[in-house]
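Asks: Enclosed is the structure file input-v5.cif (mmCIF, C-alpha atoms and all ligand atoms).
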```cif
data_coords
#
loop_
_atom_site.label_atom_id
_atom_site.label_comp_id
_atom_site.auth_asym_id
_atom_site.auth_seq_id
_atom_site.Cartn_x
_atom_site.Cartn_y
_atom_site.Cartn_z
CA MET Y 730 2.07 -8.62 -21.25
CA LYS Y 731 1.49 -5.81 -23.64
CA ILE Y 732 3.37 -2.62 -22.83
CA ILE Y 733 2.25 0.81 -23.99
CA ILE Y 734 4.71 3.61 -23.29
CA VAL Y 735 3.23 7.07 -23.05
CA LYS Y 736 4.61 10.56 -22.54
CA ASP Y 737 3.01 11.23 -19.18
CA GLN Y 738 0.13 10.48 -16.85
CA VAL Y 739 -2.35 12.56 -18.86
CA GLU Y 740 -1.62 10.57 -22.01
CA GLY Y 741 -1.75 7.34 -19.98
CA GLY Y 742 -5.24 8.25 -18.79
CA LYS Y 743 -6.32 8.76 -22.39
CA GLU Y 744 -4.89 5.38 -23.50
CA ALA Y 745 -6.61 3.57 -20.65
CA PHE Y 746 -9.82 5.45 -21.37
CA LYS Y 747 -9.79 4.16 -24.97
CA LEU Y 748 -9.58 0.56 -23.76
CA VAL Y 749 -12.40 1.04 -21.26
CA LYS Y 750 -14.59 2.75 -23.85
CA GLU Y 751 -14.02 -0.04 -26.37
CA THR Y 752 -15.17 -2.71 -23.91
CA LEU Y 753 -18.11 -0.63 -22.68
CA ASP Y 754 -19.25 0.18 -26.22
CA SER Y 755 -19.13 -3.50 -27.17
CA GLY Y 756 -21.43 -4.36 -24.25
CA ASN Y 757 -18.76 -6.38 -22.46
CA LEU Y 758 -18.21 -4.24 -19.39
CA LYS Y 759 -20.52 -5.58 -16.73
CA THR Y 760 -18.08 -5.29 -13.84
CA PHE Y 761 -15.31 -2.72 -13.66
CA GLY Y 762 -12.50 -3.30 -11.16
CA LEU Y 763 -11.15 -0.04 -9.78
CA ALA Y 764 -8.06 1.11 -7.93
CA THR Y 765 -7.11 4.06 -5.75
CA GLY Y 766 -3.88 6.03 -5.40
CA SER Y 767 -2.76 9.01 -7.43
CA THR Y 768 -2.03 6.92 -10.53
CA PRO Y 769 -5.56 6.20 -11.85
CA ILE Y 770 -6.74 9.80 -11.33
CA SER Y 771 -6.07 10.87 -14.93
CA LEU Y 772 -8.16 7.93 -16.17
CA TYR Y 773 -10.98 8.89 -13.80
CA GLU Y 774 -10.79 12.48 -15.09
CA GLU Y 775 -11.24 11.18 -18.63
CA LEU Y 776 -14.19 9.04 -17.57
CA VAL Y 777 -15.83 11.94 -15.73
CA ALA Y 778 -15.37 14.29 -18.69
CA SER Y 779 -16.82 11.74 -21.12
CA ASP Y 780 -20.39 10.89 -21.94
CA LEU Y 781 -19.85 7.21 -21.11
CA ASP Y 782 -22.73 5.73 -19.15
CA PHE Y 783 -21.89 3.37 -16.29
CA THR Y 784 -25.38 3.04 -14.86
CA SER Y 785 -25.59 -0.58 -15.93
CA VAL Y 786 -22.05 -1.41 -14.75
CA ASN Y 787 -21.08 -2.64 -11.28
CA SER Y 788 -17.77 -1.60 -9.78
CA VAL Y 789 -15.52 -3.60 -7.48
CA ASN Y 790 -12.65 -1.86 -5.70
CA LEU Y 791 -9.40 -3.51 -4.76
CA ASP Y 792 -8.97 -2.48 -1.16
CA GLU Y 793 -9.79 -0.33 1.84
CA TYR Y 794 -7.97 0.70 4.99
CA ILE Y 795 -9.13 -0.99 8.18
CA GLY Y 796 -10.53 1.47 10.71
CA LEU Y 797 -11.60 4.24 8.35
CA SER Y 798 -15.27 4.90 7.64
CA ALA Y 799 -16.55 5.65 4.15
CA ASP Y 800 -16.93 9.33 5.04
CA ASN Y 801 -13.39 9.69 6.38
CA ASP Y 802 -11.59 11.73 3.72
CA GLN Y 803 -8.58 9.38 3.84
CA SER Y 804 -10.63 6.29 3.11
CA TYR Y 805 -10.57 4.72 -0.33
CA HIS Y 806 -14.36 4.86 -0.33
CA TYR Y 807 -14.18 8.65 0.00
CA PHE Y 808 -11.48 8.82 -2.68
CA MET Y 809 -13.66 6.93 -5.15
CA LYS Y 810 -16.69 9.10 -4.47
CA GLU Y 811 -14.65 12.24 -4.91
CA HIS Y 812 -12.83 11.21 -8.07
CA LEU Y 813 -15.45 9.13 -9.85
CA PHE Y 814 -18.68 7.93 -8.26
CA ASP Y 815 -20.18 11.31 -7.36
CA GLN Y 816 -19.88 12.41 -10.98
CA LYS Y 817 -20.39 9.04 -12.72
CA PRO Y 818 -23.10 6.93 -11.18
CA PHE Y 819 -22.72 3.16 -11.46
CA LYS Y 820 -25.35 0.47 -11.01
CA HIS Y 821 -23.70 -0.51 -7.74
CA ASN Y 822 -20.33 0.28 -6.16
CA ASN Y 823 -18.66 -2.47 -4.13
CA LEU Y 824 -15.83 -1.76 -1.69
CA PRO Y 825 -14.58 -3.66 1.33
CA ASN Y 826 -15.99 -2.25 4.58
CA GLY Y 827 -13.03 -1.07 6.65
CA LEU Y 828 -15.21 -0.76 9.72
CA ALA Y 829 -16.66 -4.29 9.65
CA GLN Y 830 -16.97 -5.76 13.15
CA ASN Y 831 -16.07 -9.20 11.93
CA LEU Y 832 -13.24 -8.88 9.43
CA ALA Y 833 -13.17 -12.57 8.48
CA GLU Y 834 -16.85 -12.37 7.57
CA GLU Y 835 -16.22 -9.20 5.62
CA CYS Y 836 -13.49 -10.93 3.60
CA ALA Y 837 -15.83 -13.85 2.85
CA ARG Y 838 -18.59 -11.42 1.85
CA TYR Y 839 -16.21 -9.62 -0.51
CA ASP Y 840 -15.09 -12.88 -2.11
CA GLU Y 841 -18.72 -13.59 -2.80
CA VAL Y 842 -19.18 -10.16 -4.36
CA ILE Y 843 -16.26 -10.90 -6.69
CA ALA Y 844 -17.56 -14.40 -7.48
CA ASN Y 845 -20.97 -12.95 -8.35
CA ASN Y 846 -19.46 -10.13 -10.41
CA PRO Y 847 -16.66 -11.54 -12.57
CA ILE Y 848 -14.39 -8.61 -13.32
CA ASP Y 849 -14.17 -7.64 -16.98
CA ILE Y 850 -11.48 -4.98 -16.63
CA GLN Y 851 -9.34 -4.50 -13.52
CA ILE Y 852 -7.41 -1.25 -13.19
CA LEU Y 853 -4.22 -1.51 -11.14
CA GLY Y 854 -1.62 0.88 -9.85
CA ILE Y 855 1.61 -0.49 -8.44
CA GLY Y 856 3.49 0.15 -5.22
CA GLU Y 857 7.17 0.99 -5.20
CA ASN Y 858 7.75 -2.56 -3.92
CA ALA Y 859 5.52 -3.92 -6.74
CA HIS Y 860 2.49 -4.48 -4.54
CA ILE Y 861 -0.88 -4.63 -6.28
CA GLY Y 862 -4.00 -3.74 -4.37
CA PHE Y 863 -2.51 -4.14 -0.93
CA ASN Y 864 -0.88 -7.47 -1.70
CA GLU Y 865 2.57 -6.86 -0.33
CA PRO Y 866 5.72 -8.86 -1.23
CA GLY Y 867 5.29 -12.41 0.03
CA ALA Y 868 1.50 -12.47 -0.46
CA SER Y 869 0.34 -15.77 -1.90
CA PHE Y 870 -0.51 -15.90 -5.60
CA GLU Y 871 -3.42 -18.13 -4.51
CA GLY Y 872 -4.80 -15.54 -2.09
CA THR Y 873 -8.37 -14.26 -2.10
CA THR Y 874 -9.68 -11.34 -0.05
CA GLY Y 875 -7.68 -10.97 3.13
CA ILE Y 876 -6.48 -8.75 5.92
CA VAL Y 877 -3.08 -7.30 5.29
CA ASP Y 878 -0.43 -5.78 7.54
CA LEU Y 879 1.07 -2.96 5.51
CA THR Y 880 4.84 -2.86 5.18
CA GLU Y 881 6.88 0.05 6.53
CA SER Y 882 7.68 1.17 2.99
CA THR Y 883 4.01 1.24 1.96
CA ILE Y 884 3.02 3.14 5.11
CA LYS Y 885 5.79 5.62 4.37
CA ALA Y 886 4.86 5.97 0.69
CA ASN Y 887 1.17 6.44 1.50
CA SER Y 888 1.84 8.86 4.36
CA ARG Y 889 2.11 11.67 1.83
CA ASN Y 890 -1.68 11.66 1.73
CA PHE Y 891 -2.00 11.98 5.52
CA GLU Y 892 -1.14 14.79 7.92
CA LYS Y 893 1.35 12.63 9.79
CA ILE Y 894 2.70 9.11 9.39
CA GLU Y 895 1.04 7.97 12.65
CA ASP Y 896 -2.34 8.61 11.00
CA VAL Y 897 -1.75 6.02 8.26
CA PRO Y 898 -3.68 2.85 9.07
CA THR Y 899 -1.40 -0.15 9.46
CA ARG Y 900 -3.88 -2.69 8.13
CA ALA Y 901 -6.14 -3.03 5.13
CA ILE Y 902 -8.60 -5.41 3.50
CA SER Y 903 -7.45 -6.31 0.02
CA MET Y 904 -8.71 -8.36 -2.87
CA GLY Y 905 -6.24 -11.23 -3.28
CA ILE Y 906 -3.94 -11.90 -6.18
CA LYS Y 907 -5.94 -14.94 -7.34
CA SER Y 908 -9.05 -12.76 -7.64
CA ILE Y 909 -7.14 -10.03 -9.46
CA MET Y 910 -5.77 -12.64 -11.88
CA SER Y 911 -9.27 -13.94 -12.60
CA SER Y 912 -10.16 -10.59 -14.24
CA ARG Y 913 -10.67 -10.89 -17.99
CA GLN Y 914 -8.40 -7.92 -18.73
CA ILE Y 915 -5.96 -6.15 -16.44
CA ILE Y 916 -4.71 -2.63 -17.10
CA LEU Y 917 -1.77 -1.67 -14.89
CA LEU Y 918 -0.80 1.99 -14.82
CA ALA Y 919 2.53 3.35 -13.59
CA TYR Y 920 4.09 6.77 -13.86
CA GLY Y 921 7.33 8.29 -12.65
CA GLU Y 922 10.85 7.23 -11.83
CA LYS Y 923 9.86 5.93 -8.41
CA LYS Y 924 8.03 3.07 -10.14
CA ALA Y 925 10.87 2.16 -12.53
CA GLN Y 926 12.38 -0.61 -10.39
CA ALA Y 927 8.98 -2.14 -9.67
CA ILE Y 928 8.20 -2.13 -13.39
CA TYR Y 929 11.58 -3.68 -14.19
CA ASN Y 930 11.01 -6.48 -11.66
CA THR Y 931 7.45 -6.99 -12.90
CA VAL Y 932 8.39 -7.26 -16.55
CA LYS Y 933 11.91 -8.66 -16.60
CA GLY Y 934 12.25 -10.41 -13.28
CA PRO Y 935 11.32 -13.96 -12.42
CA ILE Y 936 7.71 -14.56 -11.43
CA SER Y 937 7.93 -14.49 -7.66
CA GLU Y 938 5.68 -13.83 -4.70
CA GLU Y 939 8.34 -11.35 -3.60
CA VAL Y 940 7.28 -9.23 -6.60
CA PRO Y 941 3.47 -9.43 -6.50
CA ALA Y 942 2.92 -7.76 -9.90
CA SER Y 943 5.26 -10.24 -11.64
CA ILE Y 944 2.36 -12.72 -11.76
CA LEU Y 945 0.87 -10.55 -14.51
CA GLN Y 946 3.39 -12.21 -16.85
CA ASN Y 947 1.04 -15.21 -16.68
CA HIS Y 948 -2.12 -13.27 -17.53
CA GLU Y 949 -3.49 -13.60 -21.05
CA ASP Y 950 -4.62 -10.02 -21.38
CA ALA Y 951 -2.51 -7.80 -19.14
CA ILE Y 952 -1.69 -4.35 -20.49
CA LEU Y 953 0.85 -2.04 -18.89
CA ILE Y 954 0.44 1.65 -19.61
CA ILE Y 955 3.55 3.36 -18.31
CA ASP Y 956 5.38 6.61 -18.91
CA GLU Y 957 8.97 7.03 -20.08
CA ALA Y 958 10.26 7.45 -16.52
CA ALA Y 959 8.58 4.27 -15.24
CA ALA Y 960 9.85 2.44 -18.34
CA SER Y 961 13.41 3.74 -18.00
CA LEU Y 962 14.92 0.46 -16.74
CA ILE Y 963 13.24 -1.91 -19.19
CA LYS Y 964 14.44 -0.24 -22.36
N1 LIG Y 1001 -3.38 0.23 -2.26
C1 LIG Y 1001 -2.88 1.26 -3.11
C2 LIG Y 1001 -2.47 0.65 -4.43
O1 LIG Y 1001 -3.61 0.15 -5.08
C3 LIG Y 1001 -1.76 1.70 -5.29
O2 LIG Y 1001 -1.41 1.14 -6.51
C4 LIG Y 1001 -0.54 2.20 -4.56
C5 LIG Y 1001 0.26 3.22 -5.36
O3 LIG Y 1001 -0.23 4.52 -5.18
P1 LIG Y 1001 0.07 5.72 -6.15
O4 LIG Y 1001 -0.70 5.48 -7.39
O5 LIG Y 1001 -0.41 6.93 -5.42
O6 LIG Y 1001 1.54 5.72 -6.39
O7 LIG Y 1001 -0.97 2.81 -3.36
C6 LIG Y 1001 -1.75 2.05 -2.46
O8 LIG Y 1001 -0.90 1.24 -1.74
#
```
Represent the structure of the file as structure tokens.
Replies:
Amino acid sequence: MKIIIVKDQVEGGKEAFKLVKETLDSGNLKTFGLATGSTPISLYEELVASDLDFTSVNSVNLDEYIGLSADNDQSYHYFMKEHLFDQKPFKHNNLPNGLAQNLAEECARYDEVIANNPIDIQILGIGENAHIGFNEPGASFEGTTGIVDLTESTIKANSRNFEKIEDVPTRAISMGIKSIMSSRQIILLAYGEKKAQAIYNTVKGPISEEVPASILQNHEDAILIIDEAAASLIK
């Protein structure tokens, strides 16, 4: 793992932007793996403000809440449109369909999307319990797209984006850890003290399914861009 420590989220967005631009400029960004949450927003702001052209790039998102439609303003689909897709058109945007009638079929469809679009760069945030995508502690490192029951702590952490905690969906569809690990490059972003323990466990801890992000220690090209606060326990 390569670790880049930055001053703050704005600087982190700029560092990540440089990596994305490099790969795009060299013609090697065919599929861009994207994440939601507050963390990647500064990167998306950089992308939107730039003259980079993504019209020949496909995107693949990590996850979506079950039960929310794409036009629900709490859905990850809506988030992506608002923060990136409406301003930066891609060739095609892929996200799991949280309203699919048959969720098992939807997971199989999404695995096929990923198989047909090998991910060149995958952006990741990290949960306070070190989840990636919605792969919570205990998720198999061999997992592909699946249906996930969110943990209490994730529901609580994500409730800040909802009016009340009861509104937070309790299930999601998430790309699995095996699929995430098959990405050519992974850029994990983390900012703030609340992420410090997760970053410590990811970087210094044993590789364990109890710490989903710890598997990144085995990836050949994983880059962590983290601020001083998130890095405070690994120094
Ligand atoms: N499924 C998402 C993750 O992909 C994200 O990394 C995490 C952290 O969110 P934030 O960046 O807002 O701290 O939230 C959600 O659980």
Asks: Counting only C-alpha atoms, which residue out of Y:Ile852, Y:Ile955, Y:Ile861, Y:Met904 sits closest to Leu824 (chain Y)?
Replies: Y:Met904
Asks: Quick one: residues within 7 Å of ligand LIG 1001 (chain Y), with only C-alpha atoms and all ligand atoms, as a ChimeraX atom specification?
Replies: /Y:764-769,791-792,853-856,861-863,883,887
Asks: Tell me, as a CSV table (one decimal) with C-alpha atoms, keeping the file's coordinate frame, which residues lie within 6 Å of Ile902 (chain Y), counting all atoms listed in the file; anything in the same chain fewer than 2 positions away does not count.
Replies:
```csv
chain,number,residue,atom,x,y,z
Y,792,ASP,CA,-9.0,-2.5,-1.2
Y,793,GLU,CA,-9.8,-0.3,1.8
Y,875,GLY,CA,-7.7,-11.0,3.1
Y,876,ILE,CA,-6.5,-8.8,5.9
```
Asks: Closest to Leu917 (chain Y) among Y:Ala778, Y:Ala868, Y:Ile732, Y:Ile952, using only C-alpha atoms?
Replies: Y:Ile952
Asks: Find, counting all atoms listed in the file, the residue in Y:Ala925, Y:Leu953, Y:Leu813, Y:Ile843 that gets nearest to Ser779 (chain Y).
Replies: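 Among the listed residues, Y:Leu813 lies closest to Ser779 (chain Y).
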Asks: Given the point (11.3, 8.2, -15.7) in the coordinates of this file, which residues lie within 9 Å, counting only C-alpha atoms, and how would they look as a PyMOL selection string?
Replies: chain Y and resi 920-925+956-962
Asks: One number please: CA of Ile850 (chain Y) to CA of His806 (chain Y), in Å, one decimal.
Replies: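 Computing the Euclidean distance for CA of Ile850 (chain Y) and CA of His806 (chain Y) yields 19.3 Å.
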Asks: Any idea what the distance is between CA of Tyr839 (chain Y) and CA of Thr874 (chain Y)?
Replies: 6.8 Å
Asks: I'd like to know which of Y:Ile848, Y:Glu744, Y:Gly756, Y:Tyr773 is closest to Ser788 (chain Y), using only C-alpha atoms.
Replies: Y:Ile848
